[in-house]
Every structure is written in structure tokens, then in C-alpha cells.
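K.L.:
What follows is a single structure, and I will ask about it in a moment.
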Amino acid sequence: MRILTDVKEPRISVEWNRRTDFRPEILGGKGFLSNIIAALRLLRLRKNCDVIVLGGSRKGNLFAILSALWPGKRPPILMIDCLWYKPQNWFQLWLKRLQFHLMARAVNQFVVWASHEVRDYETLLKAVEGLGVKVVIATRLSNWNGNVKIPEQVKAFPTSHSDFRKWMAGSRMVVIPMEKGHLHSGGQQTYLNAMAMGKPVVVADDCGAKD
């Protein structure tokens with residue numbers, strides 16, 4: 001079986017690299033035009049493979065739409081890491097639904113980490129207020145606390161991957177607060193790593209952790 005993929009990163013197994021056909025020219029860049037070109041290259045290569053495995057990036061989305069509209073052989077398509085946001089504007093939401101409808105005509109299976117997840121730091125701040133427990137929040141967002149006052153014992157700052165793991169390893173408890181009503185997925189690696197370290201873990205979410 002010949003598997004065409006744009007998934008390439010250090011954590012994947014040697015067996016995955018051996019069994020898949022990765023082409024550097026389909027990576028694409030950061031710009032929209034570069035992603036269009038990469039999607040067209042994938043479209044040209046699809047007839048030579050049995051299965052296509054793509055990440056849920058803009059390039060993968062464009063390829064799925066083109067595959068739905070373009071005639072010709074269409075091998076099964078698996079899309080992973082579908083980390084999408086739900087637009088607040090009604091027109092953007094309508095466009096997003098149209099996009100997913102077209103993509104679903106070509107993609108056989110979408111793979112997500114969980115149903116709904118995004119951070120809810122405001123609830124966390126209200127929960128720790130008055131407890132006197134030191135709280136460290138790793139975030140790169142400037143408006144992460146919303147309109148909630150930050151207690152004195154709470155510190156928030158961005159960290160590197162290695163520093164984040166050190167903070168987690170030295171903690172007494174790991175809390176992952178989630179906000180409901182979003183399509184974006186995240187947080188699973190954090191609380192799985194925390195559990196592997198033997199830390200008590202609190203995951204407050206709408207329906208993500210049960211997945």
C-alpha cells in the first residue's frame with residue numbers, strides 16, 4: 001500500500017516514515033499562495049497512491065476542497081490533527097460550514113483529539129482566589145485573564161517546552177481548565193504527561209476529557 005502524506009515531524013515512528021511517501025515539495029510555506037501550490041501538487045500526486053494522510057492545516061483543507069471539486073481518481077483521504085476554531089461572526093460561520101461540507105465530500109475520516117476544548121483561565125482564577133496556593137500559568141496570551149482580577153499568588157508567563165515540563169514535574173497538582181462551545185482541541189498531551197509523572201490532575205471541561 002502506498003501512502004502519500006504531508007505529516008513529517010521528529011516524534012513519529014521510524015515505521016511510519018518507512019511506510020509512507022513523503023514529498024518535500026508538498027510542505028508549502030506560510031503564505032496562502034504557497035499553500036495553494038502545495039495543494040495542487042498533492043492533487044497531481046494523488047493518482048499514484050492508495051491512501052492520503054494529511055494534517056488539518058490550510059493546505060490540507062484546500063486540497064480536500066479541490067479533491068471534492070476536481071474529477072479523477074480519489075483515493076481514501078484521512079485528515080488528522082483537525083484543530084479548528086468556531087467563528088463568532090454568522091457570515092464566517094456560514095462560510096466555514098460550506099468549507100467543511102465540501103471537504104467532507106472528499107475526506108473519508110477526520111481525526112480529532114477531543115470534542116471541544118479551549119482554555120478557561122477566568123474560572124481558574126475565581127477557583128484559586130483566597131486559597132493562598134501558588135499558581136503558575138503557562139500562556140503566551142496577553143489578555144489571558146479576561147476581566148478577572150489576578151490574585152497575588154498567581155503568576156502567568158510564556159515558557160519553553162522543556163521549562164514547562166520542569167514546572168509540571170515540580171508541581172503538587174496540574175489543572176487544565178477548559179471552556180465549552182469551541183471546535184479547537186488541545187490539552188490532552190499536558191494532562192497525559194502530568195498523569196505519567198504521577199501528578200494529581202484536574203481537567204474542567206465540557207466534553208473533551210471523556211473522549
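Ligands are numbered from 1 in the order shown, chains are lettered A, B, ... in the order of the C-alpha cells, and residues start at 1 in each chain.
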Write out as a list in words which residues come within 8 Å of segment 23-32 of chain A when counting only C-alpha atoms, dropping same-chain ones fewer than 5 positions away.
P.N.:
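Within the cut-off, the hits are Thr5, Asp6, Ile37, Ala38, Ala39, Arg41, Leu42 and Lys59 of chain A.
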K.L.:
Could you write out the selected residues, including C-alpha atoms, as a PDB file, in the first residue's frame?
P.N.:
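Result written to result-v9.pdb:
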ATOM      1  CA  THR A   5       1.416  12.178   3.358  1.00  0.00           C
ATOM      2  CA  ASP A   6       2.485  15.671   4.364  1.00  0.00           C
ATOM      3  CA  ILE A  37       0.625  25.481  -4.889  1.00  0.00           C
ATOM      4  CA  ALA A  38       1.273  22.689  -2.369  1.00  0.00           C
ATOM      5  CA  ALA A  39      -2.390  21.590  -2.579  1.00  0.00           C
ATOM      6  CA  ARG A  41       0.962  19.349  -6.138  1.00  0.00           C
ATOM      7  CA  LEU A  42      -0.882  16.943  -3.854  1.00  0.00           C
ATOM      8  CA  LYS A  59      -3.000  23.333   2.797  1.00  0.00           C
TER       9      LYS A  59
END
K.L.:
Using only C-alpha atoms, which protein or nucleic acid residues come within 9 Å of Thr123 of chain A? Drop anything in the same chain fewer than 4 positions from it, and give the result as an MDAnalysis selection string.
P.N.:
chainID A and resid 127:128 148 177:179
K.L.:
Ranking A:Val154, A:Leu78, A:Ala106, A:Ile3 by minimum distance to Lys126 of chain A and counting only C-alpha atoms, which one comes first?
P.N.:
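For Lys126 of chain A, the nearest of the given residues is A:Val154.
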K.L.:
List every residue of segment 117-155 of chain A that DSSP, applied to the backbone of this structure, places in alpha helix (DSSP H), and write the result as a list in words.
P.N.:
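Selection result, alpha helix (DSSP H) within segment 117-155 of chain A: Tyr121, Glu122, Thr123, Leu124, Leu125, Lys126, Ala127 and Val128 of chain A.
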K.L.:
Can you pull out the residues contacting segment 163-169 of chain A? Cut-off 9 Å, using only C-alpha atoms, and skip same-chain residues under 6 positions away; I want them as a list in words.
P.N.:
Val136, Ala138, Thr190, Asn193, Ala194, Met197, Gly198 and Lys199 of chain A
K.L.:
Would you kindly return, as a list in words, each protein, DNA or RNA residue with an atom no farther than 8 Å from any atom of segment 64-71 of chain A, considering only C-alpha atoms and excluding same-chain residues fewer than 3 positions away?
P.N.:
Ala39, Leu43, Gly60, Asn61, Arg74, Gln99, Leu102, Met103, Ala104, Arg105, Ala106 and Val107 of chain A
K.L.:
How many Å lie between atom CA of Asn145 of chain A and atom CA of Glu122 of chain A, rounded to one decimal?
P.N.:
5.5 Å
K.L.:
Expressed in Å to a single decimal, how great is the separation between atom CA of Asn143 of chain A and atom CA of Phe157 of chain A?
P.N.:
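Pair atom CA of Asn143 of chain A / atom CA of Phe157 of chain A returns 11.5 Å.
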K.L.:
Rank nothing, just name the residue among A:Pro76, A:Pro87, A:Pro200, A:Pro158 nearest to Arg140 of chain A, using only C-alpha atoms.
P.N.:
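Looking only at the distances to Arg140 of chain A, the closest residue turns out to be A:Pro158.
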K.L.:
Counting only C-alpha atoms, which residue out of A:Val14, A:Thr139, A:Met173, A:Leu192 sits closest to Ser160 of chain A?
P.N.:
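Using only C-alpha atoms, Ser160 of chain A sits closest to A:Thr139.
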K.L.:
Using the chain letters and numbers from this document, which residues of segment 72-166 of chain A does DSSP assign to strand (DSSP E or B), as a short mmCIF file (atom, residue, chain, number, x, y, z; two decimals) with C-alpha atoms, in the first residue's frame?
P.N.:
data_model
loop_
_atom_site.label_atom_id
_atom_site.label_comp_id
_atom_site.auth_asym_id
_atom_site.auth_seq_id
_atom_site.Cartn_x
_atom_site.Cartn_y
_atom_site.Cartn_z
CA ILE A 77 -8.26 10.57 2.48
CA LEU A 78 -7.55 10.63 6.24
CA MET A 79 -7.20 14.07 7.85
CA ILE A 80 -5.57 14.23 11.30
CA GLN A 109 -12.25 10.28 8.06
CA PHE A 110 -11.49 13.31 10.23
CA ARG A 119 -8.58 27.29 27.97
CA VAL A 135 -0.32 29.06 40.90
CA VAL A 136 1.81 29.20 37.75
CA ILE A 137 0.01 29.58 34.41
CA ALA A 138 1.97 28.93 31.22
CA VAL A 154 -0.88 33.68 40.59
CA LYS A 155 1.91 34.19 38.06
CA ALA A 156 1.49 33.84 34.28
CA PHE A 157 4.20 33.86 31.61
#
K.L.:
Any idea what the distance is between atom CA of Ser34 of chain A and atom CA of Lys96 of chain A?
P.N.:
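Atom-to-atom, atom CA of Ser34 of chain A and atom CA of Lys96 of chain A are spaced 21.1 Å apart.
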